[in-house]
Amino acid sequence: MKLLEYQAKEVLASLGIPIPPGMVARTPDEAVAAFSKLGPVAVKAQVPVGGRGKAGGIKLAKTADEARNAVAQIIGMDIKGFKVPLVYCEAALDIEREIYVGFTVDRDARANVLLVSAKGGMDIEQVAEELPDAIARLYPNPWRGPLDFQLAQLVYDAGLGDLARPLTALIKKLYRAIPDYDALTAEINPLVVTKNGDVIAGDAKLEIDDNSAWRHRELEQRYGSVLEGDPYEVEAKKRSLTYVSLGGDIGIIGNGAGLCMSTLDLVQRAGGQAANFCDIGGGAKAEVVENALAVILMNPEVKGVLINVFGGITRGDEVAKGIVTARDNLKMKLPLVVRMSGTREEEGRQILRQNGIEPGASAWEAAQKIVELTRAGVKA
Amino acid sequence: MKLLEYQAKEVLASLGIPIPPGMVARTPDEAVAAFSKLGPVAVKAQVPVGGRGKAGGIKLAKTADEARNAVAQIIGMDIKGFKVPLVYCEAALDIEREIYVGFTVDRDARANVLLVSAKGGMDIEQVAEELPDAIARLYPNPWRGPLDFQLAQLVYDAGLGDLARPLTALIKKLYRAIPDYDALTAEINPLVVTKNGDVIAGDAKLEIDDNSAWRHRELEQRYGSVLEGDPYEVEAKKRSLTYVSLGGDIGIIGNGAGLCMSTLDLVQRAGGQAANFCDIGGGAKAEVVENALAVILMNPEVKGVLINVFGGITRGDEVAKGIVTARDNLKMKLPLVVRMSGTREEEGRQILRQNGIEPGASAWEAAQKIVELTRAGVKA
Amino acid sequence: MSILLDSTTKVIVQGITGREGSFHTEQMQALGTKVVGGTSPGKGGTTHLGLPVFNTVADAVEATGAGASGIFVPAPFAADAIMEAAAAGITLIVCITEGIPIQDMIRVKDFLREHPQARLIGANCPGLITPGQAKIGIIPQRITAPGFVGMVSRSGTLTYEVGSALSAAGMGQSTIVGIGGDPVLGMTFSDVVQLFENDPATTHLVLIGEIGGSVEEHAAGLIARGSRLKTVAFISGRTAPEGKRMGHAGAIISGNRGTAKSKEEAFRKAGVAVAETTDEIVGLLR
Amino acid sequence: MSILLDSTTKVIVQGITGREGSFHTEQMQALGTKVVGGTSPGKGGTTHLGLPVFNTVADAVEATGAGASGIFVPAPFAADAIMEAAAAGITLIVCITEGIPIQDMIRVKDFLREHPQARLIGANCPGLITPGQAKIGIIPQRITAPGFVGMVSRSGTLTYEVGSALSAAGMGQSTIVGIGGDPVLGMTFSDVVQLFENDPATTHLVLIGEIGGSVEEHAAGLIARGSRLKTVAFISGRTAPEGKRMGHAGAIISGNRGTAKSKEEAFRKAGVAVAETTDEIVGLLR
């Protein structure tokens with residue numbers, strides 16, 4: 001779960017990290033209220049992606065009218081596929097200096113890595129490419145967390161020795177997001193040093209491991225529902241499906257992530273565009289197939305669906321029956337191609353044919369067939 | 001700092017460990033109030049030593065009058081040198097079974113050791129001697145704490161597998177007293193399993209590392225002043241002296257713990273009884289010597305004082321002057337023998353002699369001299 | 001011959017009395033796997049599927065001499081189960097459980113440094129199978145045939161597909177290892193490839209990777225330093241967009257890292273044939 | 001010859017700019033100790049007592065090649081200072097600081113397992129001195145004389161007393177090591193005795209123990225297995241009552257454990273002469 005800026009800041013504040021005063025606004029009037037309380041504010045689009053500044057999602061408001069106008073312009077704006085649902089109005093900071101502080105999971109090292117750089121305010125990936133030495137790194141032992149001397153070394157390595165005390169204290173607090181909240185990535189960029197020497201989080205990103213939701217019900221409850229972007233992904237999540245929207249017109253269902261991904265690849269190879277990734281998991285139960293089909297058919301762009309399942313435990317004839325029932329229940333009229341393999345796959349194919357569904361002999365053949373059918377606009 | 005039972009239970013409760021309802025009482029009326037709120041109660045003397053039950057420090061009260069009488073009898077009682085200042089009135093438990101759970105520092109292993117035994121209610125040292133196999137042990141890694149599987153193994157090893165879930169959860173909470181409070185020893189004995197299956201702390205001991213006081217000011221504030229037993233030790237603590245009351249009649253001051261202990265040994269060897277152990281630390285500053293003398297002279301039993309200092313950094317003549325000043329400031333009339341060595345020790349001895357204080361040539365000679373002087377009742 | 005597992009390996013199942021544990025223990029037994037017991041806290045002393053059940057792995061190891069374990073416990077308990085197995089001296093730990101928090105696995109990986117005897121496969125993996133001999137996990141026996149092809153994969157059903165195709169083409173397998181789809185894994189491609197290199201019965205290798213991370217690149221680097229195996233690699237997710245998790249927590253492209261392109265290029269540079277579809281694998285392997 | 005420390009050992013001082021650090025650095029220099037620098041966070045790049053000051057131990061080691069460190073930082077920072085020294089590759093760490101929480105030291109001991117090169121003396125100790133050559137810590141040079149007696153002690157001033165007496169009697173010392181009075185220690189009596197056994201220049205040994213714990217008993221056990229040193233032991237606290245801490249956190253008798261009697265008996269059983277007062281030590285050692 002990627003938290004929005006204001007949510008991430010709430011969490012960081014709970015760990016003792018200083019944040020500027022700020023208020024969420026969903027309407028121009030709320031922005032005016034925030035202005036009257038906070039004075040000049042930055043009005044910031046709340047979306048779980050970077051680059052909102054360049055996209056026009058951040059505006060400074062020095063008057064109540066400017067605040068009102070900023071909200072009117074920003075809310076509803078589309079930023080990298082996310083429609084902005086609300087803004088965060090935050091007291092403007094008197095910036096002396098900008099620093100980068102964050103952590104992420106280093107997959108190769110199979111460890112968390114803390115990152116500190118004096119080059120704050122820039123995209124850290126860009127810093128990593130252009131000035132790799134400008135980023136100091138620390139791999140804390142996951143049981144011990146970062147030790148004081150390691151944090152000091154990190155800060156000195158980053159050339160920030162003059163801020164050693166406040167920075168080591170702050171990074172120690174930031175790190176608590178790992179044991180306390182199962183954070184995978186946190187980023188305070190910029191970490192602002194104000195003209196009077198305070199160190200305060202200018203922006204904040206925080207990603208919580210979805211696998212740890214059972215340990216952090218309070219986070220899920222508080223932040224889980226605010227924004228999910230894509231409506232099909234929201235619906236799929238409710239139905240416990242692993243679903244990713246992709247923008248094409250061919251719905252895809254597969255069982256197993258690798259199988260599903262390779263199905264997408266085949267559809268593109270055949271000249272089509274997948275509308276989604278939808279992994280229904282190891283089995284291929286009728287109910288799950290129906291849920292997946294239902295979500296895919298919500299999307300008016302979808303012109304046809306390809307189902308690719310390997311019958312592991314479930315037998316081919318049962319998978320076929322389930323697909324037929326799902327189609328009938330949903331009164332689906334769009335082209336449907338099914339490729340299945342596994343035990344009793346021949347019986348399964350026969351059932352499909354009897355019910356007017358064309359089985360594909362191989363995944364590649366099936367991919368070509370659905371592309372052909374959706375291009376032609378033919379109904380199966 | 002050894003907490004009293006009710007204090008230890010407050011701390012354990014803050015860690016999530018169930019404790020019976022209870023109230024502190026300092027007067028018979030408060031005990032009656034506790035009775036009217038809690039019903040039948042155990043009235044328990046609050047002293048930081050074991051064995052209070054055998055000493056008559058625990059009484060069951062089934063009526064308000066019994067509660068009143070119990071308090072009247074227990075408060076002021078002397079239990080192993082501690083005058084009982086207050087009692088804890090605790091709702092009586094419906095006991096099905098008694099278990100031992102605790103931890104301590106194993107000096108040889110230089111690690112904490114968790115101890116669990118089905119033989120609860122008995123003194124654990126006795127169990128350790130008579131039925132060593134009845135105690136299961138776990139040495140948790142100090143950074144990781146006890147892992148779930150280790151706790152399960154511990155509980156099964158103790159033959160308490162039927163209580164694995166509640167016990168592992170409880171021990172995990174108990175262990176938090178180490179990272180959260182710098183506990184050195186904790187003991188829940190008995191841990192009571194009630195007739196309806198609840199697991200609840202019947203008694204509790206908790207010792208907090210004095211060296212960690214700077215990390216736990218709240219504990220010090222809350223519990224530090226309630227009870228310290230010996231009035232001289234309380235006074236010495238206020239003056240930042242390392243002082244232990246011992247019951248004899250010869251006051252001892254030494255610099256360095258080993259030197260001070262060996263001085264006690266010499267006094268006893270010479271036929272005397274030390275009134276105290278008082279280590280004034282590495283140096284021998286005049287002010288500190290005066291503080292130490294002042295505390296020792298509070299004790300009316302003291303018939304004379306032996307000072308044994310090694311002049312490390314401080315020169316002998318300065319040490320001697322300091323002692324003379326301290327004696328004069330305190331208008332001390334009792335016999336005083338000083339043994340000192342180090343730089344300018346001869347000059348120091350001369351100063352002492354000039355001021356009517358007999359220096360000892362060696363520690364052994366000084367010990368014999370002070371014993372002799374105090375026996376004779378002669379004033380120096 | 002085979003790697004990691006054969007018909008003599010003594011196996012226990014952690015979580016043997018659960019639904020998944022029970023079902024797959026029976027499947028493992030059906031293939032002939034030497035399952036010698038299982039654990040289920042509180043059920044120690046009972047019998048399940050004709051096997052003794054123990055409260056702890058230490059008890060199970062002591063009583064049975066087991067050297068391998070398959071873990072089928074729910075995600076909140078899985079990290080602890082792995083550490084328990086390692087501490088009890090198990091040398092091959094196969095964790096099928098999916099959905100383990102990544103920070104749990106990071107702590108587990110550190111814990112395992114103290115138990116270097118323990119090899120971990122997974123978590124979130126289908127396990128491994130030595131066709132005709134034994135399996136730990138959930139790979140269906142019927143897609144396999146004994147033979148000379150080593151297989152190692154980050155995917156589940158995709159592996160079954162490829163396995164089926166190989167078996168149908170008469171190319172049996174020495175061992176099939178599913179290393180799992182999580183970002184923080186036990187054994188990686190490189191670890192498994194190294195074992196296949198040292199297994200005389202394995203002459204060919206199929207490597208099924210996917211987008212995200214760089215375990216494929218590392219394996220390619222290893223192979224580039226010299227390999228006696230005829231190898232074909234396949235990467236799924238060529239058309240996946242950046243920043244979207246494709247099912248597996250580990251299958252995500254960030255920036256230019258973890259793309260199918262970089263993985264395929266690494267393999268080609270190492271002299272490994274790259275299949276563009278799974279259908280091509282059998283042909284390229286011949 | 002000597003153990004652990006001689007005139008060639010490069011030493012840094014952690015907390016060199018503090019009051020204690022400054023004073024004792026000067027004392028160490030006065031004896032000829034090869035002090036090459038010190039640390040004081042935030043003061044890196046400056047000079048103190050003619051020595052370069054660094055922000056971190058890693059920086060100091062890199063710049064000076066120091067192999068030993070004396071720690072004079074306040075108790076809240078001392079555990080971290082020890083770990084910093086170990087992680088930076090220091091092989092002899094001498095921690096003078098008293099009052100370090102025991103749980104901190106337990107964590108430090110576990111941390112040191114990963115840095116087996118690092119020998120820790122203390123904490124809460126006077127340090128060590130090789131008379132005429134070098135010292136780390138606070139043992140006064142004037143109580144010592146170069147010679148053949150190894151000394152190891154849990155006490156501070158008591159050691160100075162005995163050292164004075166030995167020096168006055170013409171029995172100089174090879175090295176004097178104060179291992180400290182805390183319950184959780186770095187090097188123990190046994191560790192130090194073993195080093196003296198292997199030091200040809202040491203022919204005699206004085207061991208000054210006290211009540212509490214069992215490091216004396218362990219050393220006695222070691223000596224009982226064979227020793228080439230003529231050894232005298234002394235234990236302070238013969239008359240201390242049970243359950244009372246005698247100054248040192250480690251000096252406490254619980255039950256029958258840690259008494260002077262059990263320690264003296266252990267030494268006698270090992271063939272070691274036991275002095276009943278410190279005055280007897282010189283005579284017994286001759």
# chains A, B, ... in the order shown; residues from 1 in each chain; ligands from 1

call {"tool": "interface_residues", "arguments": {"of": "chain B", "to": "chain C", "cutoff": "10 Å", "atoms": "only C-alpha atoms", "output": "NGL selection string"}}
result
:B and (144 or 147-150 or 152-153 or 156 or 161-165)

call {"tool": "closest_atom_pairs", "arguments": {"of": "chain A", "to": "chain B", "cutoff": "12 Å", "atoms": "only C-alpha atoms", "output": "CSV"}}
result
residue,atom,partner,partner_atom,distance
A:Asn141,CA,B:Trp143,CA,9.9
A:Pro142,CA,B:Arg144,CA,9.2
A:Trp143,CA,B:Arg144,CA,5.6
A:Arg144,CA,B:Trp143,CA,5.5
A:Gly145,CA,B:Trp143,CA,9.1
A:Pro146,CA,B:Trp143,CA,11.8
A:Leu147,CA,B:Trp143,CA,11.5
A:Pro179,CA,B:Arg144,CA,11.9

call {"tool": "closest_residue", "arguments": {"among": "D:Arg113, D:Arg268, D:Arg19, D:Arg245", "to": "chain C", "atoms": "only C-alpha atoms"}}
result
D:Arg113

call {"tool": "residues_around", "arguments": {"residues": "Ala249 (chain D)", "least_positions_apart": "4", "cutoff": "7 Å", "atoms": "only C-alpha atoms", "output": "list of chain:residue names"}}
result
D:Gly181, D:Asp182, D:Pro183, D:Arg245

call {"tool": "write_last_selection", "arguments": {"atoms": "all heavy atoms", "output": "PDB file, in the first residue's frame"}}
result
ATOM      1  N   GLY D 181      34.989  -4.559  37.232  1.00  0.00           N
ATOM      2  CA  GLY D 181      34.116  -5.061  38.291  1.00  0.00           C
ATOM      3  C   GLY D 181      32.672  -5.266  37.901  1.00  0.00           C
ATOM      4  O   GLY D 181      31.818  -5.421  38.774  1.00  0.00           O
ATOM      5  N   ASP D 182      32.372  -5.275  36.613  1.00  0.00           N
ATOM      6  CA  ASP D 182      30.981  -5.452  36.201  1.00  0.00           C
ATOM      7  C   ASP D 182      30.610  -6.932  36.096  1.00  0.00           C
ATOM      8  O   ASP D 182      31.471  -7.778  35.957  1.00  0.00           O
ATOM      9  CB  ASP D 182      30.751  -4.757  34.852  1.00  0.00           C
ATOM     10  CG  ASP D 182      30.486  -3.260  35.023  1.00  0.00           C
ATOM     11  OD1 ASP D 182      30.403  -2.805  36.174  1.00  0.00           O
ATOM     12  OD2 ASP D 182      30.366  -2.569  34.005  1.00  0.00           O
ATOM     13  N   PRO D 183      29.322  -7.233  36.153  1.00  0.00           N
ATOM     14  CA  PRO D 183      28.920  -8.639  36.054  1.00  0.00           C
ATOM     15  C   PRO D 183      29.129  -9.212  34.654  1.00  0.00           C
ATOM     16  O   PRO D 183      29.418 -10.390  34.502  1.00  0.00           O
ATOM     17  CB  PRO D 183      27.435  -8.636  36.400  1.00  0.00           C
ATOM     18  CG  PRO D 183      27.049  -7.243  36.741  1.00  0.00           C
ATOM     19  CD  PRO D 183      28.189  -6.331  36.455  1.00  0.00           C
ATOM     20  N   ARG D 245      25.320  -5.679  47.262  1.00  0.00           N
ATOM     21  CA  ARG D 245      26.313  -5.299  46.249  1.00  0.00           C
ATOM     22  C   ARG D 245      27.406  -4.494  46.901  1.00  0.00           C
ATOM     23  O   ARG D 245      27.151  -3.418  47.418  1.00  0.00           O
ATOM     24  CB  ARG D 245      25.678  -4.391  45.207  1.00  0.00           C
ATOM     25  CG  ARG D 245      24.989  -5.122  44.166  1.00  0.00           C
ATOM     26  CD  ARG D 245      24.962  -4.452  42.817  1.00  0.00           C
ATOM     27  NE  ARG D 245      24.398  -5.471  41.946  1.00  0.00           N
ATOM     28  CZ  ARG D 245      23.100  -5.653  41.792  1.00  0.00           C
ATOM     29  NH1 ARG D 245      22.238  -4.841  42.344  1.00  0.00           N
ATOM     30  NH2 ARG D 245      22.662  -6.653  41.058  1.00  0.00           N
TER      31      ARG D 245
END

call {"tool": "residues_around", "arguments": {"residues": "Ala78 (chain D)", "least_positions_apart": "2", "cutoff": "12 Å", "atoms": "only C-alpha atoms", "output": "tab-separated table (two decimals) with all heavy atoms, in the first residue's frame"}}
result
chain	number	residue	atom	x	y	z
A	148	ASP	N	24.00	3.38	16.58
A	148	ASP	CA	24.32	4.81	16.59
A	148	ASP	C	25.58	5.14	15.79
A	148	ASP	O	25.61	6.09	15.02
A	148	ASP	CB	24.48	5.30	18.04
A	148	ASP	CG	23.14	5.35	18.76
A	148	ASP	OD1	22.10	5.37	18.07
A	148	ASP	OD2	23.13	5.36	20.00
A	149	PHE	N	26.62	4.33	15.99
A	149	PHE	CA	27.86	4.66	15.29
A	149	PHE	C	27.71	4.46	13.79
A	149	PHE	O	28.35	5.18	13.00
A	149	PHE	CB	29.04	3.85	15.85
A	149	PHE	CG	29.11	2.42	15.39
A	149	PHE	CD1	29.76	2.06	14.22
A	149	PHE	CD2	28.53	1.41	16.15
A	149	PHE	CE1	29.82	0.74	13.81
A	149	PHE	CE2	28.58	0.09	15.74
A	149	PHE	CZ	29.23	-0.25	14.57
D	14	GLN	N	38.98	7.07	22.38
D	14	GLN	CA	37.63	7.49	22.03
D	14	GLN	C	37.12	8.41	23.14
D	14	GLN	O	37.10	8.03	24.31
D	14	GLN	CB	36.72	6.26	21.87
D	14	GLN	CG	37.05	5.46	20.60
D	14	GLN	CD	36.26	4.17	20.49
D	14	GLN	OE1	36.80	3.08	20.70
D	14	GLN	NE2	34.98	4.27	20.17
D	15	GLY	N	36.74	9.61	22.75
D	15	GLY	CA	36.37	10.61	23.74
D	15	GLY	C	37.60	11.40	24.18
D	15	GLY	O	37.71	11.79	25.34
D	70	GLY	N	41.35	3.11	23.67
D	70	GLY	CA	40.89	3.32	25.05
D	70	GLY	C	39.62	4.14	25.00
D	70	GLY	O	39.57	5.16	24.31
D	71	ILE	N	38.59	3.71	25.71
D	71	ILE	CA	37.29	4.38	25.64
D	71	ILE	C	37.04	5.15	26.93
D	71	ILE	O	37.01	4.56	28.03
D	71	ILE	CB	36.18	3.36	25.36
D	71	ILE	CG1	36.38	2.75	23.97
D	71	ILE	CG2	34.80	4.02	25.48
D	71	ILE	CD1	35.38	1.67	23.60
D	72	PHE	N	36.84	6.46	26.78
D	72	PHE	CA	36.59	7.35	27.92
D	72	PHE	C	35.31	8.16	27.71
D	72	PHE	O	35.26	9.33	28.06
D	72	PHE	CB	37.76	8.33	28.09
D	72	PHE	CG	39.04	7.70	28.58
D	72	PHE	CD1	39.96	7.14	27.71
D	72	PHE	CD2	39.31	7.65	29.95
D	72	PHE	CE1	41.14	6.56	28.17
D	72	PHE	CE2	40.49	7.08	30.42
D	72	PHE	CZ	41.41	6.54	29.54
D	73	VAL	N	34.31	7.54	27.09
D	73	VAL	CA	33.07	8.29	26.84
D	73	VAL	C	32.07	8.00	27.95
D	73	VAL	O	32.18	6.98	28.64
D	73	VAL	CB	32.48	7.93	25.46
D	73	VAL	CG1	33.51	8.11	24.35
D	73	VAL	CG2	31.93	6.51	25.45
D	74	PRO	N	31.08	8.87	28.16
D	74	PRO	CA	30.11	8.62	29.23
D	74	PRO	C	29.28	7.35	28.98
D	74	PRO	O	29.14	6.90	27.85
D	74	PRO	CB	29.21	9.87	29.16
D	74	PRO	CG	30.02	10.91	28.45
D	74	PRO	CD	30.88	10.16	27.50
D	75	ALA	N	28.74	6.81	30.07
D	75	ALA	CA	28.06	5.51	30.03
D	75	ALA	C	26.99	5.39	28.95
D	75	ALA	O	26.89	4.36	28.29
D	75	ALA	CB	27.49	5.18	31.41
D	76	PRO	N	26.17	6.43	28.73
D	76	PRO	CA	25.13	6.25	27.71
D	76	PRO	C	25.67	5.99	26.30
D	76	PRO	O	24.95	5.49	25.46
D	76	PRO	CB	24.35	7.57	27.75
D	76	PRO	CG	24.56	8.09	29.13
D	76	PRO	CD	25.97	7.69	29.48
D	80	ASP	N	27.92	1.71	22.49
D	80	ASP	CA	28.05	2.03	21.06
D	80	ASP	C	29.52	2.23	20.69
D	80	ASP	O	29.96	1.79	19.62
D	80	ASP	CB	27.24	3.28	20.75
D	80	ASP	CG	27.15	3.56	19.25
D	80	ASP	OD1	26.58	2.71	18.55
D	80	ASP	OD2	27.67	4.59	18.81
D	81	ALA	N	30.28	2.87	21.58
D	81	ALA	CA	31.70	3.11	21.30
D	81	ALA	C	32.46	1.80	21.17
D	81	ALA	O	33.33	1.66	20.30
D	81	ALA	CB	32.30	3.98	22.40
D	82	ILE	N	32.14	0.84	22.01
D	82	ILE	CA	32.81	-0.47	21.93
D	82	ILE	C	32.49	-1.13	20.58
D	82	ILE	O	33.38	-1.62	19.88
D	82	ILE	CB	32.35	-1.40	23.08
D	82	ILE	CG1	32.76	-0.81	24.44
D	82	ILE	CG2	32.94	-2.80	22.89
D	82	ILE	CD1	32.15	-1.56	25.63
D	83	MET	N	31.19	-1.10	20.20
D	83	MET	CA	30.82	-1.74	18.94
D	83	MET	C	31.46	-1.02	17.76
D	83	MET	O	31.89	-1.65	16.79
D	83	MET	CB	29.30	-1.77	18.82
D	83	MET	CG	28.66	-2.69	19.86
D	83	MET	SD	26.89	-3.00	19.61
D	83	MET	CE	26.18	-1.43	20.10
D	84	GLU	N	31.53	0.29	17.86
D	84	GLU	CA	32.16	1.05	16.78
D	84	GLU	C	33.62	0.63	16.61
D	84	GLU	O	34.09	0.41	15.49
D	84	GLU	CB	32.08	2.56	17.07
D	84	GLU	CG	32.75	3.38	15.97
D	84	GLU	CD	32.66	4.88	16.18
D	84	GLU	OE1	32.22	5.31	17.27
D	84	GLU	OE2	33.03	5.62	15.25
D	85	ALA	N	34.32	0.50	17.74
D	85	ALA	CA	35.73	0.11	17.68
D	85	ALA	C	35.88	-1.28	17.06
D	85	ALA	O	36.72	-1.50	16.19
D	85	ALA	CB	36.33	0.14	19.08
D	93	ILE	N	40.31	-3.43	22.70
D	93	ILE	CA	39.39	-2.36	23.10
D	93	ILE	C	39.38	-2.32	24.63
D	93	ILE	O	39.09	-3.32	25.27
D	93	ILE	CB	37.97	-2.64	22.58
D	93	ILE	CG1	37.97	-2.80	21.06
D	93	ILE	CG2	37.02	-1.51	23.00
D	93	ILE	CD1	36.67	-3.35	20.50
D	94	VAL	N	39.73	-1.17	25.18
D	94	VAL	CA	39.80	-1.03	26.63
D	94	VAL	C	38.76	0.01	27.05
D	94	VAL	O	38.89	1.19	26.73
D	94	VAL	CB	41.20	-0.58	27.06
D	94	VAL	CG1	41.28	-0.50	28.58
D	94	VAL	CG2	42.26	-1.52	26.51
D	95	CYS	N	37.72	-0.44	27.74
D	95	CYS	CA	36.64	0.48	28.08
D	95	CYS	C	36.69	0.82	29.57
D	95	CYS	O	36.40	-0.02	30.42
D	95	CYS	CB	35.28	-0.11	27.71
D	95	CYS	SG	33.94	1.07	27.99
D	96	ILE	N	37.08	2.05	29.86
D	96	ILE	CA	37.25	2.51	31.23
D	96	ILE	C	35.90	2.89	31.86
D	96	ILE	O	35.70	2.73	33.06
D	96	ILE	CB	38.19	3.75	31.25
D	96	ILE	CG1	39.48	3.46	30.48
D	96	ILE	CG2	38.46	4.20	32.67
D	96	ILE	CD1	40.22	2.24	30.94
D	97	THR	N	34.99	3.37	31.02
D	97	THR	CA	33.69	3.88	31.47
D	97	THR	C	33.01	2.97	32.48
D	97	THR	O	32.90	1.77	32.27
D	97	THR	CB	32.76	4.03	30.26
D	97	THR	OG1	33.47	4.75	29.24
D	97	THR	CG2	31.48	4.75	30.64
D	98	GLU	N	32.53	3.58	33.57
D	98	GLU	CA	31.73	2.77	34.51
D	98	GLU	C	30.27	3.15	34.40
D	98	GLU	O	29.93	4.20	33.87
D	98	GLU	CB	32.23	2.92	35.95
D	98	GLU	CG	32.02	4.28	36.56
D	98	GLU	CD	32.52	4.31	38.02
D	98	GLU	OE1	32.20	3.39	38.78
D	98	GLU	OE2	33.23	5.27	38.38
D	99	GLY	N	29.39	2.24	34.89
D	99	GLY	CA	27.97	2.54	34.90
D	99	GLY	C	27.25	2.21	33.61
D	99	GLY	O	26.15	2.68	33.37
D	100	ILE	N	27.83	1.35	32.78
D	100	ILE	CA	27.13	0.96	31.55
D	100	ILE	C	26.03	-0.04	31.92
D	100	ILE	O	26.27	-0.99	32.66
D	100	ILE	CB	28.10	0.28	30.55
D	100	ILE	CG1	29.27	1.23	30.24
D	100	ILE	CG2	27.37	-0.11	29.28
D	100	ILE	CD1	30.30	0.62	29.32
D	101	PRO	N	24.80	0.18	31.42
D	101	PRO	CA	23.73	-0.78	31.73
D	101	PRO	C	24.11	-2.20	31.31
D	101	PRO	O	24.74	-2.41	30.27
D	101	PRO	CB	22.55	-0.26	30.90
D	101	PRO	CG	22.80	1.22	30.78
D	101	PRO	CD	24.30	1.34	30.68
D	102	ILE	N	23.75	-3.15	32.15
D	102	ILE	CA	24.13	-4.55	31.90
D	102	ILE	C	23.53	-5.06	30.59
D	102	ILE	O	24.19	-5.77	29.85
D	102	ILE	CB	23.68	-5.41	33.10
D	102	ILE	CG1	24.53	-5.05	34.32
D	102	ILE	CG2	23.81	-6.90	32.77
D	102	ILE	CD1	24.14	-5.78	35.59
D	104	ASP	N	22.99	-3.43	27.94
D	104	ASP	CA	23.83	-2.90	26.86
D	104	ASP	C	25.03	-3.81	26.64
D	104	ASP	O	25.39	-4.14	25.51
D	104	ASP	CB	24.36	-1.49	27.20
D	104	ASP	CG	23.30	-0.41	27.04
D	104	ASP	OD1	22.10	-0.75	26.91
D	104	ASP	OD2	23.66	0.79	27.07
D	105	MET	N	25.65	-4.21	27.76
D	105	MET	CA	26.85	-5.04	27.64
D	105	MET	C	26.51	-6.43	27.10
D	105	MET	O	27.31	-7.05	26.40
D	105	MET	CB	27.57	-5.14	28.98
D	105	MET	CG	28.31	-3.86	29.37
D	105	MET	SD	29.48	-3.26	28.10
D	105	MET	CE	30.64	-4.64	28.03
D	108	VAL	N	26.32	-5.95	23.53
D	108	VAL	CA	27.68	-5.76	23.00
D	108	VAL	C	28.39	-7.11	22.86
D	108	VAL	O	29.01	-7.39	21.83
D	108	VAL	CB	28.50	-4.82	23.92
D	108	VAL	CG1	29.99	-4.92	23.60
D	108	VAL	CG2	28.02	-3.38	23.77
D	122	GLY	N	37.25	-4.75	30.14
D	122	GLY	CA	36.27	-3.91	30.84
D	122	GLY	C	34.88	-4.31	30.42
D	122	GLY	O	34.65	-5.41	29.94
D	123	ALA	N	33.89	-3.47	30.60
D	123	ALA	CA	34.05	-2.08	30.99
D	123	ALA	C	34.23	-1.94	32.52
D	123	ALA	O	34.38	-2.94	33.21
D	123	ALA	CB	32.80	-1.30	30.57
D	124	ASN	N	34.20	-0.67	32.94
D	124	ASN	CA	34.36	-0.35	34.36
D	124	ASN	C	35.65	-0.94	34.90
D	124	ASN	O	35.65	-1.69	35.87
D	124	ASN	CB	33.14	-0.87	35.14
D	124	ASN	CG	33.13	-0.40	36.59
D	124	ASN	OD1	33.81	0.57	36.93
D	124	ASN	ND2	32.40	-1.08	37.43

call {"tool": "closest_residue", "arguments": {"among": "D:Glu114, D:Asn198, D:Ile252, D:Leu51", "to": "chain C", "atoms": "only C-alpha atoms"}}
result
D:Glu114

call {"tool": "select_by_dssp", "arguments": {"residues": "region 9-247 of chain C", "states": "strand (DSSP E or B)", "output": "ChimeraX atom specification"}}
result
/C:10-14,34-39,47-48,51-54,68-71,92-95,119-122,127-130,134-137,146-153,173-178,204-210,230-236

call {"tool": "residues_around", "arguments": {"residues": "region 114-126 of chain B", "least_positions_apart": "4", "cutoff": "8 Å", "atoms": "only C-alpha atoms", "output": "MDAnalysis selection string"}}
result
chainID B and resid 98:104 130 134:140 154:155 158:160 189:191
